[in-house]
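Enquirer: Encoded as structure tokens, here's the structure I'll be asking about.
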Amino acid sequence: MRRSTAFVAAVVVLAVLAIGTPASTADPAENSVTHWTRIAEQFIPTGRPPASSEVIMGTVQAAIYDAVAATEGGLEPFMASVPAPPGASTDAAVATAAHDVL
């Protein structure tokens with residue numbers, strides 16, 4: 001099971017590196033959370049048993065949540081409590097968290 005998850009993660013990372021991020025057709029009202037969720041949805045393979053795509057998407061979403069919790073404050077961290085320096089960019093933290101998980 002662990003090797004399968006690592007293999008899927010490696011394939012996703014290689015796909016992102018090979019294909020790159022899609023051209024932006026984002027809604028001007030889109031924020032970094034919805035932007036990176038859309039990217040994750042495009043690059044995480046679906047239909048792989050046993051629910052590996054859902055596990056990876058859940059991990060991406062948890063990392064995004066924890067990035068927002070660290071930079072915005074007032075939220076209980078879900079997976080990791082990482083202190084953010086004062087004035088840290090939420091958009092940069094979300095992008096880094098999602099990118100690193102993917």
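Each chain of the structure tokens is named A, B, ... in the order shown, its residues numbered from 1; ligands are numbered from 1 in display order.
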So that I can check the surroundings of A:Gln61, please list as a PDB file with N, CA and C atoms, in the first residue's frame every protein, DNA and RNA residue that reaches within 10 Å of it, counting only C-alpha atoms and ignoring chain neighbours fewer than 2 positions away.
Expert:
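Writing done, so here's result_4.pdb:
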```pdb
ATOM      1  N   VAL A  33      -6.717  29.258  -2.889  1.00  0.00           N
ATOM      2  CA  VAL A  33      -7.232  27.945  -2.474  1.00  0.00           C
ATOM      3  C   VAL A  33      -7.979  27.278  -3.628  1.00  0.00           C
ATOM      4  N   TRP A  36      -5.467  26.329  -6.568  1.00  0.00           N
ATOM      5  CA  TRP A  36      -4.656  25.125  -6.361  1.00  0.00           C
ATOM      6  C   TRP A  36      -5.509  23.870  -6.243  1.00  0.00           C
ATOM      7  N   THR A  37      -6.739  24.004  -5.792  1.00  0.00           N
ATOM      8  CA  THR A  37      -7.644  22.850  -5.792  1.00  0.00           C
ATOM      9  C   THR A  37      -7.935  22.430  -7.223  1.00  0.00           C
ATOM     10  N   ALA A  40      -4.925  20.616  -8.574  1.00  0.00           N
ATOM     11  CA  ALA A  40      -4.861  19.255  -8.024  1.00  0.00           C
ATOM     12  C   ALA A  40      -5.862  18.341  -8.719  1.00  0.00           C
ATOM     13  N   VAL A  55      -7.269  10.025  -1.300  1.00  0.00           N
ATOM     14  CA  VAL A  55      -6.297  10.217  -0.224  1.00  0.00           C
ATOM     15  C   VAL A  55      -5.337  11.342  -0.583  1.00  0.00           C
ATOM     16  N   ILE A  56      -4.861  11.352  -1.817  1.00  0.00           N
ATOM     17  CA  ILE A  56      -3.943  12.407  -2.241  1.00  0.00           C
ATOM     18  C   ILE A  56      -4.649  13.755  -2.226  1.00  0.00           C
ATOM     19  N   MET A  57      -5.883  13.819  -2.737  1.00  0.00           N
ATOM     20  CA  MET A  57      -6.621  15.081  -2.724  1.00  0.00           C
ATOM     21  C   MET A  57      -6.868  15.540  -1.292  1.00  0.00           C
ATOM     22  N   GLY A  58      -7.175  14.620  -0.399  1.00  0.00           N
ATOM     23  CA  GLY A  58      -7.369  14.975   1.012  1.00  0.00           C
ATOM     24  C   GLY A  58      -6.098  15.529   1.630  1.00  0.00           C
ATOM     25  N   THR A  59      -4.970  14.970   1.262  1.00  0.00           N
ATOM     26  CA  THR A  59      -3.690  15.451   1.772  1.00  0.00           C
ATOM     27  C   THR A  59      -3.396  16.853   1.245  1.00  0.00           C
ATOM     28  N   ALA A  63      -3.117  20.190   3.634  1.00  0.00           N
ATOM     29  CA  ALA A  63      -1.941  21.065   3.585  1.00  0.00           C
ATOM     30  C   ALA A  63      -2.351  22.508   3.285  1.00  0.00           C
ATOM     31  N   ILE A  64      -3.298  22.686   2.389  1.00  0.00           N
ATOM     32  CA  ILE A  64      -3.796  24.026   2.079  1.00  0.00           C
ATOM     33  C   ILE A  64      -4.447  24.639   3.315  1.00  0.00           C
ATOM     34  N   TYR A  65      -5.280  23.864   3.998  1.00  0.00           N
ATOM     35  CA  TYR A  65      -5.939  24.364   5.211  1.00  0.00           C
ATOM     36  C   TYR A  65      -4.904  24.782   6.255  1.00  0.00           C
ATOM     37  N   ASP A  66      -3.910  23.937   6.484  1.00  0.00           N
ATOM     38  CA  ASP A  66      -2.885  24.257   7.484  1.00  0.00           C
ATOM     39  C   ASP A  66      -2.083  25.494   7.086  1.00  0.00           C
ATOM     40  N   ALA A  67      -1.872  25.702   5.783  1.00  0.00           N
ATOM     41  CA  ALA A  67      -1.176  26.913   5.325  1.00  0.00           C
ATOM     42  C   ALA A  67      -2.005  28.158   5.629  1.00  0.00           C
ATOM     43  N   VAL A  94      -0.204  28.865   0.553  1.00  0.00           N
ATOM     44  CA  VAL A  94      -1.104  27.896  -0.088  1.00  0.00           C
ATOM     45  C   VAL A  94      -0.424  27.278  -1.304  1.00  0.00           C
ATOM     46  N   ALA A  97       2.346  24.865  -0.125  1.00  0.00           N
ATOM     47  CA  ALA A  97       1.794  23.650   0.489  1.00  0.00           C
ATOM     48  C   ALA A  97       1.236  22.713  -0.584  1.00  0.00           C
ATOM     49  N   ALA A  98       0.403  23.245  -1.477  1.00  0.00           N
ATOM     50  CA  ALA A  98      -0.199  22.405  -2.515  1.00  0.00           C
ATOM     51  C   ALA A  98       0.859  21.863  -3.469  1.00  0.00           C
ATOM     52  N   VAL A 101       2.948  19.035  -1.826  1.00  0.00           N
ATOM     53  CA  VAL A 101       2.216  17.765  -1.709  1.00  0.00           C
ATOM     54  C   VAL A 101       2.064  17.118  -3.082  1.00  0.00           C
TER      55      VAL A 101
END
```
Enquirer: Between atom CA of A:Val68 and atom CA of A:Ser52, measure the distance and give it in Å to one decimal.
Expert: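 Between atom CA of A:Val68 and atom CA of A:Ser52 the gap works out to 24.5 Å.
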Enquirer: Kindly give the distance, in Å, that separates atom CA of A:Ile44 and atom CA of A:His99, rounded to a single decimal.
Expert: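 The value is 12.2 Å.
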Enquirer: Mind checking which residues fall within 12 Å of A:Pro86, counting only C-alpha atoms, ignoring those fewer than 5 positions away in the same chain, and posting them as a list in words?
Expert: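 My reading of the contact set: Ala70, Thr71, Glu72 and Gly73 of chain A.
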Enquirer: Please dump the current selection as a JSON list (two decimals), in the first residue's frame; keep C-alpha atoms.
Expert:
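File written: result36.json
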```json
[["chain", "number", "residue", "atom", "x", "y", "z"],
["A", 70, "ALA", "CA", -0.70, 29.37, 9.87],
["A", 71, "THR", "CA", -0.88, 32.64, 7.94],
["A", 72, "GLU", "CA", -4.37, 33.87, 8.85],
["A", 73, "GLY", "CA", -4.54, 32.63, 12.44]]
```
Enquirer: Mind pulling up the distance from atom CA of A:Ala62 to atom CA of A:Pro45?
Expert: 18.3 Å
